[in-house]
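Student: Quick one: this structure, given as structure tokens, is what I'll be asking you about.
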Amino acid sequence: MEEMKEEAGQRHRAESIRINRLGQIDSAIIRALEAAGINFICSVTCALLSGVIDGISKRKSITHVPVTREEEGVGICAGAFLGGAKPALFMQNSGLGNSINALLSLTKLYHIDLLLVIGYRGRRGEEQIHAQIPMGTATTKLLTIIGAKYKIITRARDIDSIKSAIKPGKGIRAVLLTPTVWEKV
Amino acid sequence: MRRIDVVREIAASYYGTKGLVVANIGYSSRELYAISDRPNSFYMLGSMGLASSIGLGLALVSRDYQIVALDGDGSVLMNLGTLASIANFAPDNYHLVIIDNHAHGSTGNQSSLTAMKTNLLKIAAGAGVRSTVRVKSRTQLTRLLRDQSLPTVLIADCTPYNADVAPVPLSPIQIKNRFMKSVQRE
């Protein structure tokens with residue numbers, strides 16, 4: 001009986017530490033975005049980014065709009081930029097497909113700055129869910145075609161490099177965060 | 001009532017120093033440009049469906065301004081989620097004017113679904129937008145603009161008609177730069 005209690009206690013402690021570390025990763029991402037001056041975020045839900053999105057919705061320094069679809073977010077972020085804000089759009093990489101026309105005929109056409117923060121699923125050899133693979137394979141090629149510079153972040157220790165992904169006047173930039181950012185803690 | 005009548009009324013009422021207008025791609029932009037071109041108009045040249053969204057982002061960060069998004073029924077039907085976002089997040093300075101001519105005017109006046117069973121006012125109300133009004137004549141619109149400020153969503157019933165006006169001759173960068181300057185100047 002005592003042994004079982006002890007074991008449960010250890011499991012509980014291990015889980016707490018894990019959650020705390022995950023929270024630290026989410027916080028580090030938010031700090032990097034704030035350091036880069038991002039003050040307006042639209043998001044479409046994503047399992048990888050859920051902790052970051054939760055954290056952002058509690059930040060007073062950032063206006064957060066959870067949107068219904070990525071393309072809508074491209075429009076709202078463009079409006080915020082016109083009003084003087086520094087916007088970012090959170091999405092899973094599947095959402096990139098939903099936003100291509102808007103990214104080209106609005107964001108790129110008018111030379112609007114936008115940071116895409118993308119939960120990057122479906123990389124060949126890593127993904128367990130087959131449905132993620134077609135879009136996962138196309139993601140970086142699509143970014144290249146639309147002329148968006150991107151950075152792939154696979155480790156928590158590289159989170160700070162988000163800051164250097166953002167450069168005013170440089171149009172569309174993307175940061176792709178793989179599941180391993182949260183796994184290798 | 002035609003689209004250009006609505007555009008004329010909105011331009012007359014909301015073009016003061018504290019008004020910013022986002023005009024939909026096609027004849028909404030063309031007619032607005034022809035009636036009265038101002039730096040505080042953002043003319044869309046692409047991204048059909050996003051006038052209401054661009055206006056929403058602008059309204060959230062530019063609270064000192066009254067924002068009017070001039071949109072059409074066909075464009076709103078492309079981006080119906082916008083009505084849910086507007087219901088939940090639009091500030092008081094945001095006004096979506098839907099010119100409902102029951103047609104895709106800029107592509108040749110093909111019927112849209114509002115010519116059939118679809119009612120955008122009910123969809124907006126169902127999405128949770130509290131302040132919605134439909135006007136059916138120019139007299140009603142003039143009276144509304146004289147007596148009160150625009151609701152969150154105004155639907156202006158129109159007949160399909162495109163004025164004989166040229167495309168907006170400005171480049172996208174010109175449109176953006178002068179618009180952003182006019183926002184910052186205040």
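Here, A, B, ... name the chains of the structure tokens in the order displayed, residue numbers run from 1 inside each chain, and ligands are numbered from 1 in the same displayed order.
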Please return, as a PyMOL selection string, all residues of chain B that DSSP assigns to helix (DSSP H, G or I) on the basis of the backbone.
Tutor: chain B and resi 3-14+27-35+51-61+73-78+81-89+105-107+113-115+120-127+138-147+172-184
Student: With C-alpha atoms retained, export the selected residues as a compact mmCIF listing (two decimals), in the first residue's frame.
Tutor:
# COMPACT_ATOMS: atom_id res chain seq x y z
CA ARG B 3 -24.07 50.18 -54.88
CA ILE B 4 -22.86 53.61 -55.93
CA ASP B 5 -25.64 55.27 -53.91
CA VAL B 6 -24.46 53.46 -50.77
CA VAL B 7 -20.83 54.28 -51.54
CA ARG B 8 -21.74 57.95 -52.00
CA GLU B 9 -23.65 58.13 -48.70
CA ILE B 10 -20.87 56.38 -46.76
CA ALA B 11 -18.20 58.58 -48.35
CA ALA B 12 -20.16 61.70 -47.36
CA SER B 13 -20.61 60.57 -43.73
CA TYR B 14 -17.48 58.63 -42.87
CA TYR B 27 -16.60 47.95 -58.16
CA SER B 28 -16.78 48.91 -54.46
CA SER B 29 -13.23 50.23 -54.78
CA ARG B 30 -13.73 51.62 -58.29
CA GLU B 31 -16.90 53.51 -57.43
CA LEU B 32 -15.42 54.88 -54.20
CA TYR B 33 -12.31 56.05 -56.06
CA ALA B 34 -14.46 57.71 -58.75
CA ILE B 35 -16.73 59.50 -56.24
CA ALA B 51 -12.54 43.33 -46.62
CA SER B 52 -14.43 42.64 -43.39
CA SER B 53 -11.31 41.00 -41.89
CA ILE B 54 -8.91 43.80 -42.87
CA GLY B 55 -11.37 46.27 -41.33
CA LEU B 56 -11.55 44.21 -38.13
CA GLY B 57 -7.77 44.16 -37.66
CA LEU B 58 -7.65 47.89 -38.31
CA ALA B 59 -10.47 48.62 -35.86
CA LEU B 60 -8.78 46.61 -33.09
CA VAL B 61 -5.56 48.64 -33.25
CA ASP B 73 -22.81 39.74 -50.32
CA GLY B 74 -20.70 37.45 -52.53
CA SER B 75 -17.52 38.33 -50.65
CA VAL B 76 -19.06 37.84 -47.21
CA LEU B 77 -20.39 34.46 -48.34
CA MET B 78 -16.77 33.48 -49.12
CA GLY B 81 -16.52 32.86 -40.32
CA THR B 82 -15.85 36.60 -40.27
CA LEU B 83 -19.33 37.21 -38.86
CA ALA B 84 -18.55 35.00 -35.85
CA SER B 85 -15.24 36.80 -35.29
CA ILE B 86 -16.95 40.19 -35.62
CA ALA B 87 -19.65 39.13 -33.14
CA ASN B 88 -17.05 38.18 -30.56
CA PHE B 89 -14.22 40.65 -31.10
CA GLY B 105 -21.49 42.38 -59.43
CA SER B 106 -17.85 42.74 -60.41
CA THR B 107 -17.80 39.50 -62.40
CA LEU B 113 -27.12 32.81 -52.95
CA THR B 114 -28.76 35.80 -51.26
CA ALA B 115 -30.97 35.94 -54.37
CA LEU B 120 -27.07 37.45 -44.32
CA LEU B 121 -28.78 39.49 -41.61
CA LYS B 122 -30.03 36.31 -39.95
CA ILE B 123 -26.60 34.70 -40.33
CA ALA B 124 -24.99 37.74 -38.69
CA ALA B 125 -27.54 37.65 -35.85
CA GLY B 126 -27.05 33.89 -35.50
CA ALA B 127 -23.28 34.41 -35.35
CA ARG B 138 -31.59 55.29 -50.04
CA THR B 139 -34.02 57.34 -47.96
CA GLN B 140 -33.73 54.81 -45.12
CA LEU B 141 -29.93 54.85 -45.40
CA THR B 142 -29.74 58.67 -45.42
CA ARG B 143 -31.99 58.84 -42.37
CA LEU B 144 -29.93 56.22 -40.51
CA LEU B 145 -26.67 58.02 -41.25
CA ARG B 146 -28.19 61.34 -40.16
CA ASP B 147 -29.73 60.08 -36.92
CA PRO B 172 -0.67 48.73 -54.17
CA ILE B 173 2.32 50.43 -52.55
CA GLN B 174 0.86 53.90 -53.15
CA ILE B 175 -2.44 52.79 -51.64
CA LYS B 176 -0.72 51.34 -48.57
CA ASN B 177 1.78 54.13 -47.97
CA ARG B 178 -0.65 57.01 -48.14
CA PHE B 179 -3.22 55.07 -46.09
CA MET B 180 -0.70 54.34 -43.32
CA LYS B 181 0.47 57.95 -43.33
CA SER B 182 -3.10 59.16 -42.90
CA VAL B 183 -3.52 56.81 -39.90
CA GLN B 184 -0.29 57.96 -38.26
Student: Pull out every residue of chain A that has at least one atom within 10 Å of chain B, counting only C-alpha atoms, and report them as a VMD selection string.
Tutor: chain A and resid 39 to 40 42 63 to 69 71 to 85 87 99 to 112
Student: List the neighbours of Leu142 (chain A) out to 9 Å using only C-alpha atoms; skip same-chain residues closer than 3 positions along the sequence, and give me the result as a list in words.
Tutor: Leu96, Gly97, Ile100, Ala138, Thr139, Ile145, Ile146, Gly147 and Ala148 of chain A
Student: So, counting only C-alpha atoms, which residue among A:Lys86, A:Gly125, A:Asp54, A:Trp182 is closest to Glu34 (chain A)?
Tutor: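 Among the listed residues, A:Lys86 lies closest to Glu34 (chain A).
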Student: Near region 154-170 of chain A, counting only C-alpha atoms, which residues have an atom at most 6 Å away, once you skip same-chain residues fewer than 2 positions from it, shown as a ChimeraX atom specification?
Tutor: /A:32,36,178,180-181
Student: Residues within 6 Å of region 151-163 of chain B, please, as a VMD selection string. Count only C-alpha atoms; anything in the same chain fewer than 4 positions from it doesn't count.
Tutor: chain B and resid 1 to 2 95 to 101 131 to 136
Student: Hey, what's within 7 Å of Ile30 (chain A) if we count only C-alpha atoms and toss same-chain stuff fewer than 3 positions away? As a list of chain:residue names, please?
Tutor: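 The residues that qualify are A:Asp26, A:Ser27, A:Leu33, A:Glu34, A:Val52, A:Ile56.
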Student: Write the residues of the preceding selection, restricted to C-alpha atoms, as a short mmCIF file (atom, residue, chain, number, x, y, z; two decimals), in the first residue's frame.
Tutor:
data_model
loop_
_atom_site.label_atom_id
_atom_site.label_comp_id
_atom_site.auth_asym_id
_atom_site.auth_seq_id
_atom_site.Cartn_x
_atom_site.Cartn_y
_atom_site.Cartn_z
CA ASP A 26 5.73 27.92 -24.24
CA SER A 27 6.81 30.92 -22.15
CA LEU A 33 7.87 37.01 -29.83
CA GLU A 34 7.54 39.90 -27.39
CA VAL A 52 1.61 29.14 -26.44
CA ILE A 56 -0.73 34.69 -25.34
#
